[in-house]
>>> print(open('work.cif').read())   # mmCIF, C-alpha atoms
data_query
loop_
_atom_site.label_atom_id
_atom_site.label_comp_id
_atom_site.auth_asym_id
_atom_site.auth_seq_id
_atom_site.Cartn_x
_atom_site.Cartn_y
_atom_site.Cartn_z
CA MET L 1 -55.31 -19.12 -10.10
CA LEU L 2 -58.43 -18.83 -7.93
CA ILE L 3 -58.96 -22.58 -7.94
CA ARG L 4 -55.40 -23.12 -6.74
CA MET L 5 -55.93 -20.52 -4.03
CA VAL L 6 -59.08 -22.32 -2.79
CA ARG L 7 -57.19 -25.62 -2.69
CA GLN L 8 -54.37 -24.00 -0.73
CA ARG L 9 -56.88 -22.68 1.80
CA VAL L 10 -58.43 -26.13 2.19
CA ALA L 11 -54.98 -27.68 2.73
CA PHE L 12 -54.18 -24.94 5.24
CA ILE L 13 -57.38 -25.66 7.18
CA GLY L 14 -56.55 -29.37 7.26
CA ALA L 15 -53.01 -28.81 8.50
CA GLN L 16 -54.02 -26.29 11.16
CA SER L 17 -56.91 -28.37 12.46
CA ALA L 18 -54.60 -31.40 12.66
CA ALA L 19 -52.30 -29.26 14.80
CA GLY L 20 -55.10 -28.70 17.28
CA LEU L 21 -56.80 -25.49 16.12
CA SER L 22 -60.56 -25.23 15.88
CA ARG L 23 -61.76 -26.45 12.48
CA ASP L 24 -64.94 -24.37 12.67
CA GLY L 25 -62.95 -21.23 13.45
CA LEU L 26 -60.54 -21.90 10.59
CA LEU L 27 -63.40 -22.42 8.14
CA ALA L 28 -65.08 -19.20 9.25
CA SER L 29 -61.92 -17.10 8.95
CA GLN L 30 -61.00 -18.57 5.57
CA THR L 31 -64.52 -18.02 4.27
CA GLN L 32 -64.31 -14.35 5.21
CA SER L 33 -60.87 -14.02 3.66
CA LEU L 34 -61.95 -15.71 0.41
CA CYS L 35 -65.00 -13.48 0.10
CA ALA L 36 -62.80 -10.40 0.49
CA THR L 37 -60.37 -11.75 -2.11
CA PHE L 38 -63.14 -12.44 -4.63
CA ALA L 39 -64.51 -8.92 -4.11
CA THR L 40 -61.14 -7.30 -4.89
CA THR L 41 -59.92 -9.60 -7.67
CA VAL L 42 -59.94 -7.92 -11.07
CA GLY L 43 -61.43 -9.63 -14.13
CA ILE L 44 -63.34 -12.66 -12.78
CA SER L 45 -65.22 -14.05 -15.78
CA ILE L 46 -68.40 -16.12 -15.68
CA ALA L 47 -66.45 -19.22 -16.74
CA VAL L 48 -63.87 -18.76 -13.98
CA ALA L 49 -66.59 -18.15 -11.39
CA THR L 50 -68.32 -21.36 -12.47
CA ASP L 51 -65.15 -23.47 -12.11
CA VAL L 52 -64.31 -21.97 -8.73
CA SER L 53 -67.89 -22.52 -7.50
CA ALA L 54 -67.60 -26.21 -8.41
CA GLU L 55 -64.32 -26.43 -6.47
CA ILE L 56 -65.96 -24.84 -3.42
CA ALA L 57 -68.96 -27.17 -3.64
CA GLY L 58 -66.67 -30.16 -3.09
CA GLY L 59 -64.82 -28.57 -0.18
CA PRO L 60 -65.24 -28.80 3.60
CA TRP L 61 -67.37 -25.66 3.86
CA SER L 62 -70.80 -25.66 5.47
CA ASP L 63 -73.88 -24.97 3.34
CA GLU L 64 -74.07 -21.41 4.68
CA GLN L 65 -70.38 -20.79 3.91
CA LYS L 66 -70.74 -22.23 0.41
CA GLN L 67 -73.65 -19.87 -0.20
CA ARG L 68 -71.61 -16.87 0.98
CA LEU L 69 -68.67 -17.81 -1.24
CA ALA L 70 -70.90 -18.43 -4.26
CA THR L 71 -72.66 -15.09 -3.74
CA SER L 72 -69.35 -13.25 -3.53
CA LEU L 73 -68.12 -14.92 -6.71
CA SER L 74 -71.33 -14.16 -8.53
CA ALA L 75 -71.21 -10.49 -7.55
CA ALA L 76 -67.58 -10.17 -8.70
CA ALA L 77 -68.33 -11.81 -12.04
CA ALA L 78 -71.44 -9.67 -12.54
CA ALA L 79 -69.53 -6.46 -11.81
CA ASN L 80 -66.85 -7.46 -14.31
CA ALA L 81 -69.46 -8.26 -16.98
CA GLN L 82 -71.30 -4.95 -16.48
CA VAL L 83 -68.28 -2.86 -17.41
CA GLY L 84 -67.33 -5.19 -20.25
CA GLY L 85 -63.91 -6.01 -18.78
CA PRO L 86 -61.74 -5.48 -15.74
CA ARG L 87 -62.94 -3.07 -13.10
CA LEU L 88 -61.20 0.07 -11.98
CA PRO L 89 -57.66 -0.34 -10.63
CA ARG L 90 -57.24 -1.01 -6.96
CA PRO L 91 -56.39 1.95 -4.73
CA VAL L 92 -52.72 2.57 -4.01
CA GLN L 93 -51.22 1.21 -0.81
CA TYR L 94 -49.26 2.79 2.01
CA CYS L 95 -46.75 1.20 4.37
CA ASP L 96 -45.02 3.77 6.56
CA ALA L 97 -42.58 1.29 8.11
CA LEU L 98 -41.63 -1.04 5.25
CA GLU L 99 -38.13 -1.48 6.66
CA HIS L 100 -39.58 -3.37 9.66
CA PHE L 101 -41.33 -5.90 7.39
CA LEU L 102 -38.09 -7.35 5.98
CA THR L 103 -36.36 -10.53 7.12
CA GLN L 104 -32.72 -11.14 8.01
CA GLU L 105 -32.27 -12.84 4.63
CA ASP L 106 -33.61 -9.73 2.89
CA TRP L 107 -31.23 -7.45 4.77
CA ASP L 108 -28.28 -9.74 4.09
CA VAL L 109 -28.79 -9.24 0.36
CA ILE L 110 -29.58 -5.53 0.54
CA CYS L 111 -26.57 -4.74 2.74
CA ASP L 112 -24.10 -6.94 0.83
CA PRO L 113 -21.60 -4.56 -0.85
CA ALA L 114 -20.56 -7.30 -3.29
CA ARG L 115 -24.02 -7.51 -4.85
CA PRO L 116 -25.15 -5.18 -7.65
CA LYS L 117 -28.37 -3.21 -7.63
CA GLY L 118 -30.48 -5.83 -9.47
CA PRO L 119 -30.57 -8.54 -6.78
CA LYS L 120 -31.21 -5.95 -4.07
CA VAL L 121 -34.23 -4.63 -5.97
CA THR L 122 -35.51 -8.15 -6.63
CA VAL L 123 -35.31 -9.29 -3.01
CA LEU L 124 -37.16 -6.16 -1.87
CA THR L 125 -39.88 -6.39 -4.54
CA THR L 126 -40.37 -10.10 -3.82
CA ARG L 127 -40.98 -9.37 -0.13
CA MET L 128 -43.34 -6.52 -1.05
CA TRP L 129 -45.33 -8.83 -3.32
CA ARG L 130 -45.53 -11.54 -0.67
CA LEU L 131 -46.83 -8.89 1.73
CA GLY L 132 -49.50 -7.91 -0.80
CA LEU L 133 -48.01 -4.49 -1.60
CA THR L 134 -48.96 -4.82 -5.26
CA CYS L 135 -50.12 -1.23 -5.84
CA PRO L 136 -47.48 0.86 -4.05
CA SER L 137 -48.11 4.56 -3.60
CA GLU L 138 -45.49 7.13 -4.53
CA ASP L 139 -44.56 7.44 -0.85
CA LEU L 140 -44.05 3.69 -0.61
CA LEU L 141 -41.92 3.57 -3.77
CA GLN L 142 -39.78 6.38 -2.39
CA ARG L 143 -39.32 4.51 0.88
CA ALA L 144 -38.38 1.32 -0.93
CA VAL L 145 -35.72 3.15 -2.95
CA ALA L 146 -34.48 4.88 0.20
CA ILE L 147 -33.97 1.52 1.95
CA ILE L 148 -31.67 0.36 -0.84
CA CYS L 149 -29.91 3.73 -1.08
CA CYS L 150 -29.26 3.93 2.67
CA LYS L 151 -28.10 0.34 3.21
CA GLY L 152 -27.32 -1.01 -0.25
CA GLU L 153 -23.72 0.21 -0.48
CA LEU L 154 -24.33 1.44 -4.04
CA GLY L 155 -22.47 4.71 -3.70
CA ALA L 156 -23.91 8.11 -4.58
CA LEU L 157 -26.94 7.86 -6.88
CA ASN L 158 -28.23 10.86 -8.75
CA PHE L 159 -31.88 11.76 -9.15
CA GLN L 160 -32.19 9.95 -12.47
CA ASN L 161 -30.82 6.73 -10.97
CA LYS L 162 -33.28 6.95 -8.08
CA LYS L 163 -36.22 7.58 -10.40
CA ALA L 164 -35.20 4.59 -12.55
CA MET L 165 -34.95 2.38 -9.46
CA ALA L 166 -38.47 3.39 -8.37
CA ALA L 167 -39.75 2.47 -11.85
CA ASP L 168 -37.92 -0.88 -11.68
CA ILE L 169 -39.50 -1.70 -8.32
CA GLN L 170 -42.98 -0.83 -9.56
CA LYS L 171 -42.55 -2.89 -12.74
CA GLU L 172 -41.17 -5.97 -10.98
CA ILE L 173 -44.06 -6.01 -8.50
CA LYS L 174 -46.56 -5.64 -11.32
CA ASP L 175 -44.96 -8.47 -13.31
CA MET L 176 -44.97 -10.75 -10.25
CA ASN L 177 -48.64 -10.06 -9.60
CA VAL L 178 -49.57 -10.75 -13.23
CA LEU L 179 -47.85 -14.15 -13.08
CA ASP L 180 -49.31 -15.04 -9.69
CA ALA L 181 -51.82 -12.67 -8.12
CA TRP L 182 -51.57 -12.11 -4.39
CA PRO L 183 -54.23 -14.41 -2.93
CA PHE L 184 -55.67 -12.30 -0.11
CA ALA L 185 -57.78 -9.20 0.32
CA HIS L 186 -56.34 -5.93 -0.94
CA MET L 187 -55.33 -3.72 1.99
CA ARG L 188 -54.87 -0.01 1.47
CA ARG L 189 -52.91 1.00 4.59
CA TYR L 190 -50.57 -1.38 6.38
CA PRO L 191 -49.87 -1.42 10.12
CA LEU L 192 -46.58 -0.21 11.54
CA LEU L 193 -45.62 -3.72 12.64
CA PRO L 194 -46.00 -7.02 10.74
CA ILE L 195 -47.37 -8.72 13.84
CA ASP L 196 -50.57 -6.74 13.28
CA LEU L 197 -51.17 -8.33 9.86
CA ALA L 198 -53.90 -10.95 9.50
CA ASP L 199 -52.62 -14.41 10.33
CA ASP L 200 -53.07 -15.86 6.84
CA ALA L 201 -51.42 -12.88 5.16
CA ARG L 202 -48.50 -12.91 7.61
CA ASN L 203 -48.00 -16.66 7.18
CA PHE L 204 -47.97 -16.26 3.41
CA ALA L 205 -45.56 -13.31 3.53
CA TYR L 206 -42.96 -15.13 5.65
CA ASP L 207 -43.46 -18.75 4.61
CA GLY L 208 -40.16 -20.63 4.90
CA THR L 209 -38.36 -17.81 6.73
CA ALA L 210 -37.63 -16.94 10.33
CA GLY L 211 -39.91 -13.92 10.01
CA PRO L 212 -39.30 -10.16 10.03
CA ILE L 213 -36.69 -8.44 12.16
CA THR L 214 -36.20 -4.93 13.47
CA ALA L 215 -34.55 -2.85 10.77
CA PRO L 216 -30.81 -2.15 11.10
CA SER L 217 -29.91 1.33 12.27
CA LEU L 218 -30.38 3.82 9.44
CA GLY L 219 -29.40 6.97 11.33
CA PRO L 220 -31.71 9.69 12.67
CA HIS L 221 -34.16 10.75 9.96
CA ALA L 222 -31.82 9.41 7.26
CA LEU L 223 -34.43 7.13 5.68
CA GLN L 224 -37.12 9.79 5.65
CA LEU L 225 -34.79 12.40 4.18
CA MET L 226 -33.52 9.99 1.53
CA ALA L 227 -37.09 9.08 0.58
CA LYS L 228 -37.92 12.74 0.01
CA SER L 229 -35.01 12.97 -2.43
CA VAL L 230 -36.40 10.18 -4.65
CA PRO L 231 -38.23 11.60 -7.69
CA THR L 232 -41.23 9.68 -8.99
CA ARG L 233 -42.34 12.34 -11.47
CA ASP L 234 -40.58 14.40 -14.11
CA THR L 235 -41.67 17.59 -12.31
CA HIS L 236 -39.29 16.91 -9.40
CA LYS L 237 -37.16 20.06 -9.01
CA GLY L 238 -33.96 18.22 -8.23
CA LEU L 239 -34.42 16.00 -11.29
CA GLN L 240 -35.14 18.97 -13.54
CA ARG L 241 -32.09 20.82 -12.20
CA GLU L 242 -29.90 17.78 -12.76
CA ILE L 243 -31.09 17.31 -16.35
CA ALA L 244 -30.64 21.01 -17.04
CA THR L 245 -27.11 20.89 -15.66
CA GLU L 246 -26.21 17.97 -17.90
CA GLY L 247 -27.77 19.66 -20.91
CA SER L 248 -25.83 22.86 -20.31
CA GLY L 249 -22.50 21.00 -20.27
CA ALA L 250 -21.66 21.93 -16.69
CA SER L 251 -18.63 20.36 -15.08
CA SER L 252 -18.89 17.03 -13.28
CA ALA L 253 -18.15 18.77 -9.97
CA ASP L 254 -21.08 21.14 -10.50
CA ALA L 255 -23.32 18.23 -11.46
CA LEU L 256 -22.37 16.34 -8.30
CA GLN L 257 -23.06 19.39 -6.14
CA LEU L 258 -26.50 19.89 -7.67
CA THR L 259 -27.32 16.18 -7.55
CA SER L 260 -26.53 15.94 -3.86
CA GLY L 261 -28.58 19.07 -3.17
CA PHE L 262 -25.58 20.97 -1.79
CA ASP L 263 -24.08 23.81 -3.85
CA ARG L 264 -21.00 25.30 -2.21
CA ARG L 265 -21.54 28.57 -4.03
CA GLN L 266 -25.08 28.90 -2.63
CA PRO L 267 -25.16 27.07 0.70
CA GLN L 268 -28.59 28.43 1.54
CA ARG L 269 -30.20 26.18 -1.09
CA GLY L 270 -29.48 22.90 0.61
CA VAL L 271 -27.29 20.90 2.92
CA GLN L 272 -25.89 17.41 2.81
CA LEU L 273 -27.95 14.54 4.15
CA ASP L 274 -25.96 14.13 7.38
CA MET L 275 -26.20 17.82 8.19
CA GLN L 276 -29.95 17.81 7.50
CA SER L 277 -30.33 14.96 9.97
CA GLN L 278 -28.32 16.84 12.58
CA MET L 279 -30.32 20.01 12.09
CA LEU L 280 -33.62 18.16 12.40
CA ALA L 281 -32.43 16.44 15.57
CA MET L 282 -31.29 19.77 16.99
CA GLY L 283 -34.61 21.39 16.07
CA GLN L 284 -36.49 18.74 17.98
CA PHE L 285 -34.15 19.10 20.94
CA MET L 286 -34.65 22.89 20.99
CA GLN L 287 -38.42 22.46 20.88
CA GLN L 288 -38.22 20.16 23.88
CA MET L 289 -36.14 22.68 25.77
CA PHE L 290 -38.55 25.54 24.97
CA ALA L 291 -41.47 23.39 26.08
CA GLN L 292 -39.73 22.49 29.34
CA PHE L 293 -38.10 25.79 30.36
CA GLY L 294 -40.04 28.39 28.39
CA PRO L 295 -38.57 31.26 26.34
CA LYS L 296 -37.15 32.96 29.44
CA GLY L 297 -35.65 29.98 31.20
CA ILE L 298 -33.99 28.64 28.08
CA GLY L 299 -31.21 31.14 28.40
CA GLY L 300 -30.47 30.21 31.98
CA ASN L 301 -27.70 28.16 33.52
CA HIS L 302 -29.86 25.05 33.76
CA PHE L 303 -30.35 24.96 29.99
CA LEU L 304 -26.59 25.36 29.48
CA MET L 305 -25.92 22.42 31.78
CA VAL L 306 -28.43 20.27 29.87
CA LEU L 307 -26.88 21.28 26.54
CA LEU L 308 -23.34 20.50 27.71
CA SER L 309 -24.50 17.12 28.98
CA ARG L 310 -25.46 16.21 25.41
CA PRO L 311 -22.35 16.55 23.22
CA GLN L 312 -24.21 15.66 20.02
CA ALA L 313 -26.77 18.39 20.64
CA PHE L 314 -23.96 20.85 21.34
CA LEU L 315 -22.28 19.86 18.05
CA ASN L 316 -25.57 20.30 16.19
CA LEU L 317 -25.98 23.80 17.57
CA PHE L 318 -22.43 24.65 16.52
CA LEU L 319 -23.13 23.42 12.97
CA ILE L 320 -26.26 25.55 12.73
CA LEU L 321 -24.32 28.64 13.79
CA MET L 322 -21.63 27.86 11.20
CA LEU L 323 -24.26 27.54 8.50
CA ARG L 324 -25.62 30.96 9.37
CA LEU L 325 -22.15 32.43 9.11
CA LEU L 326 -21.69 30.86 5.66
CA ARG L 327 -24.93 32.39 4.43
CA GLN L 328 -23.89 35.90 5.38
#
>>> encode(input="work.cif", output="structure tokens")
Amino acid sequence: MLIRMVRQRVAFIGAQSAAGLSRDGLLASQTQSLCATFATTVGISIAVATDVSAEIAGGPWSDEQKQRLATSLSAAAAANAQVGGPRLPRPVQYCDALEHFLTQEDWDVICDPARPKGPKVTVLTTRMWRLGLTCPSEDLLQRAVAIICCKGELGALNFQNKKAMAADIQKEIKDMNVLDAWPFAHMRRYPLLPIDLADDARNFAYDGTAGPITAPSLGPHALQLMAKSVPTRDTHKGLQREIATEGSGASSADALQLTSGFDRRQPQRGVQLDMQSQMLAMGQFMQQMFAQFGPKGIGGNHFLMVLLSRPQAFLNLFLILMLRLLRQ
């Protein structure tokens, strides 16, 4: 795998230099990238390090670059030998804007109502692997599930379905990385935009595609709220409540109410996703008004004019007042 990666880098350097880029600059950047990859690759044996060193020795690298690469390989192999096997797992990764790293082709599959869940999960996990997101954090798994839930046209999914989907995403990425390890340095926190990725990583992630696009509209706060509803552990309260409801033989209507987080008999315990989004938006709007007019001016005519000029904000305020009435 490492030998193939070195050969791919050499071919990349040749193609880029033929296109007019500086050969010396390409060699320097690829040397740095390879050293970082060697340092974070798990389980490099002495035999593998020897074979890769021979491949590097016949490459276009300068003597100084060959020495750097050989030293990095030697250190990785020595660290692996000292612990008698693979080193500690890599740290988990975070990507707070995964939806902006997907391509039009990815979204076409995810948003296609005729496709079942399996292909949607596969296209998302494949893009995550190509981006190098091989050790997703719980937050990242929740966001990945939320993307499919919000745009996948799968209907209402309960907590158990969401937890299973998160496990499927994690397993598929792991299986992909076992078959073909991601060839670049492990990155713990990703930028908010794919344009800020390293050139080689970005080229690998979007090879053969038109590149990433801005995510389709998901509604205000909808993705974030959906992500919070995805359980990744058995201690999740919503998951425990759902399992308890099923075990007690409650009616399907009760189970649906508890699964969605909205119990008509006890409205103070939760609200539907759309209403949560509206309340959050209204809360932010109210904070802006307090900051602008102060606690005294907020009750004045100017605030009323601003509120009436924003029908959605006025509707949000009405919904909040109705919720308070229901709780009484």
>>> resolve_selection(input="work.cif", expression="the PyMOL selection byres ((chain L and resi 177) around 12)", output="list in words")
Met1, Thr41, Val42, Thr125, Thr126, Met128, Trp129, Arg130, Leu131, Gly132, Leu133, Thr134, Cys135, Gln170, Lys171, Glu172, Ile173, Lys174, Asp175, Met176, Val178, Leu179, Asp180, Ala181, Trp182 and Pro183 of chain L
>>> resolve_selection(input="work.cif", expression="the PyMOL selection byres ((chain L and resi 238-240) around 8)", output="PDB file with C-alpha atoms, in the frame of the given file")
ATOM      1  CA  PHE L 159     -31.880  11.760  -9.150  1.00  0.00           C
ATOM      2  CA  GLN L 160     -32.190   9.950 -12.470  1.00  0.00           C
ATOM      3  CA  SER L 229     -35.010  12.970  -2.430  1.00  0.00           C
ATOM      4  CA  PRO L 231     -38.230  11.600  -7.690  1.00  0.00           C
ATOM      5  CA  ASP L 234     -40.580  14.400 -14.110  1.00  0.00           C
ATOM      6  CA  THR L 235     -41.670  17.590 -12.310  1.00  0.00           C
ATOM      7  CA  HIS L 236     -39.290  16.910  -9.400  1.00  0.00           C
ATOM      8  CA  LYS L 237     -37.160  20.060  -9.010  1.00  0.00           C
ATOM      9  CA  ARG L 241     -32.090  20.820 -12.200  1.00  0.00           C
ATOM     10  CA  GLU L 242     -29.900  17.780 -12.760  1.00  0.00           C
ATOM     11  CA  ILE L 243     -31.090  17.310 -16.350  1.00  0.00           C
ATOM     12  CA  ALA L 244     -30.640  21.010 -17.040  1.00  0.00           C
ATOM     13  CA  LEU L 258     -26.500  19.890  -7.670  1.00  0.00           C
ATOM     14  CA  THR L 259     -27.320  16.180  -7.550  1.00  0.00           C
ATOM     15  CA  GLY L 261     -28.580  19.070  -3.170  1.00  0.00           C
TER      16      GLY L 261
END
>>> closest_atom_pairs(input="work.cif", of="segment 96-140 of chain L", to="segment 208-215 of chain L", cutoff="12 Å", atoms="all atoms listed in the file", output="tab-separated table")
residue	atom	partner	partner_atom	distance
L:Ala97	CA	L:Ala215	CA	9.4
L:Leu98	CA	L:Ala215	CA	9.2
L:Glu99	CA	L:Ala215	CA	5.6
L:His100	CA	L:Ala215	CA	5.2
L:Phe101	CA	L:Pro212	CA	5.4
L:Leu102	CA	L:Pro212	CA	5.1
L:Thr103	CA	L:Pro212	CA	4.2
L:Gln104	CA	L:Ile213	CA	6.3
L:Glu105	CA	L:Thr209	CA	8.1
L:Asp106	CA	L:Pro212	CA	9.1
L:Trp107	CA	L:Ala215	CA	8.3
L:Asp108	CA	L:Ala215	CA	11.5
L:Ile110	CA	L:Ala215	CA	11.7
L:Cys111	CA	L:Ala215	CA	11.5
L:Arg127	CA	L:Pro212	CA	10.3
L:Arg130	CA	L:Gly208	CA	11.9
L:Leu131	CA	L:Pro212	CA	11.3
>>> residues_around(input="work.cif", residues="Val52 of chain L", least_positions_apart="4", cutoff="8 Å", atoms="all atoms listed in the file", output="PyMOL selection string")
chain L and resi 2-3+6+48+56
>>> atom_distance(input="work.cif", atom1="atom CA of Gln32 of chain L", atom2="atom CA of Ala18 of chain L")
21.0 Å
>>> resolve_selection(input="work.cif", expression="the PyMOL selection byres ((chain L and resi 228) around 10)", output="VMD selection string")
chain L and resid 139 142 to 143 146 223 to 227 229 to 231
>>> atom_distance(input="work.cif", atom1="atom CA of Lys120 of chain L", atom2="atom CA of Lys162 of chain L")
13.7 Å
>>> residues_near_point(input="work.cif", point="(-57.3, -19.4, 0.9)", cutoff="9 Å", atoms="all atoms listed in the file", output="list in words")
Leu2, Arg4, Met5, Val6, Arg7, Gln8, Arg9, Val10, Ala11, Phe12, Ile13, Gln30, Thr31, Ser33, Leu34, Thr37, Pro183, Phe184 and Asp200 of chain L
>>> residues_around(input="work.cif", residues="Gln65 of chain L", least_positions_apart="3", cutoff="8 Å", atoms="all atoms listed in the file", output="ChimeraX atom specification")
/L:28,31,61-62,68-69
>>> closest_residue(input="work.cif", among="L:Cys150, L:Glu55, L:Arg189, L:Ile46", to="Pro91 of chain L", atoms="all atoms listed in the file")
L:Arg189
>>> build_atoms(input="work.cif", residues="segment 54-71 of chain L", atoms="N, CA, C and O atoms", output="compact mmCIF listing (two decimals), in the frame of the given file")
# COMPACT_ATOMS: atom_id res chain seq x y z
N ALA L 54 -67.61 -24.74 -8.46
CA ALA L 54 -67.60 -26.21 -8.41
C ALA L 54 -66.54 -26.71 -7.44
O ALA L 54 -66.75 -27.70 -6.71
N GLU L 55 -65.38 -26.04 -7.41
CA GLU L 55 -64.32 -26.43 -6.47
C GLU L 55 -64.78 -26.21 -5.03
O GLU L 55 -64.53 -27.05 -4.14
N ILE L 56 -65.48 -25.13 -4.76
CA ILE L 56 -65.96 -24.84 -3.42
C ILE L 56 -67.02 -25.84 -3.00
O ILE L 56 -67.07 -26.28 -1.84
N ALA L 57 -67.86 -26.23 -3.96
CA ALA L 57 -68.96 -27.17 -3.64
C ALA L 57 -68.43 -28.50 -3.12
O ALA L 57 -69.08 -29.16 -2.30
N GLY L 58 -67.24 -28.90 -3.55
CA GLY L 58 -66.67 -30.16 -3.09
C GLY L 58 -65.77 -30.01 -1.89
O GLY L 58 -65.12 -30.99 -1.48
N GLY L 59 -65.71 -28.83 -1.31
CA GLY L 59 -64.82 -28.57 -0.18
C GLY L 59 -65.47 -28.82 1.16
O GLY L 59 -66.62 -29.27 1.25
N PRO L 60 -64.75 -28.50 2.24
CA PRO L 60 -65.24 -28.80 3.60
C PRO L 60 -66.18 -27.75 4.17
O PRO L 60 -66.55 -27.82 5.34
N TRP L 61 -66.59 -26.78 3.37
CA TRP L 61 -67.37 -25.66 3.86
C TRP L 61 -68.80 -26.11 4.22
O TRP L 61 -69.35 -27.04 3.63
N SER L 62 -69.40 -25.40 5.15
CA SER L 62 -70.80 -25.66 5.47
C SER L 62 -71.68 -25.10 4.36
O SER L 62 -71.23 -24.33 3.51
N ASP L 63 -72.95 -25.46 4.38
CA ASP L 63 -73.88 -24.97 3.34
C ASP L 63 -73.96 -23.45 3.36
O ASP L 63 -74.02 -22.80 2.31
N GLU L 64 -73.99 -22.87 4.57
CA GLU L 64 -74.07 -21.41 4.68
C GLU L 64 -72.80 -20.75 4.12
O GLU L 64 -72.86 -19.73 3.43
N GLN L 65 -71.64 -21.34 4.42
CA GLN L 65 -70.38 -20.79 3.91
C GLN L 65 -70.28 -20.93 2.40
O GLN L 65 -69.80 -20.02 1.71
N LYS L 66 -70.74 -22.06 1.87
CA LYS L 66 -70.74 -22.23 0.41
C LYS L 66 -71.63 -21.19 -0.25
O LYS L 66 -71.29 -20.64 -1.31
N GLN L 67 -72.75 -20.88 0.37
CA GLN L 67 -73.65 -19.87 -0.20
C GLN L 67 -72.99 -18.50 -0.18
O GLN L 67 -73.10 -17.74 -1.15
N ARG L 68 -72.31 -18.17 0.91
CA ARG L 68 -71.61 -16.87 0.98
C ARG L 68 -70.53 -16.77 -0.09
O ARG L 68 -70.40 -15.75 -0.77
N LEU L 69 -69.75 -17.82 -0.25
CA LEU L 69 -68.67 -17.81 -1.24
C LEU L 69 -69.24 -17.72 -2.65
O LEU L 69 -68.72 -16.97 -3.50
N ALA L 70 -70.30 -18.46 -2.93
CA ALA L 70 -70.90 -18.43 -4.26
C ALA L 70 -71.49 -17.05 -4.56
O ALA L 70 -71.37 -16.53 -5.68
N THR L 71 -72.09 -16.42 -3.55
CA THR L 71 -72.66 -15.09 -3.74
C THR L 71 -71.57 -14.06 -4.03
O THR L 71 -71.72 -13.19 -4.89
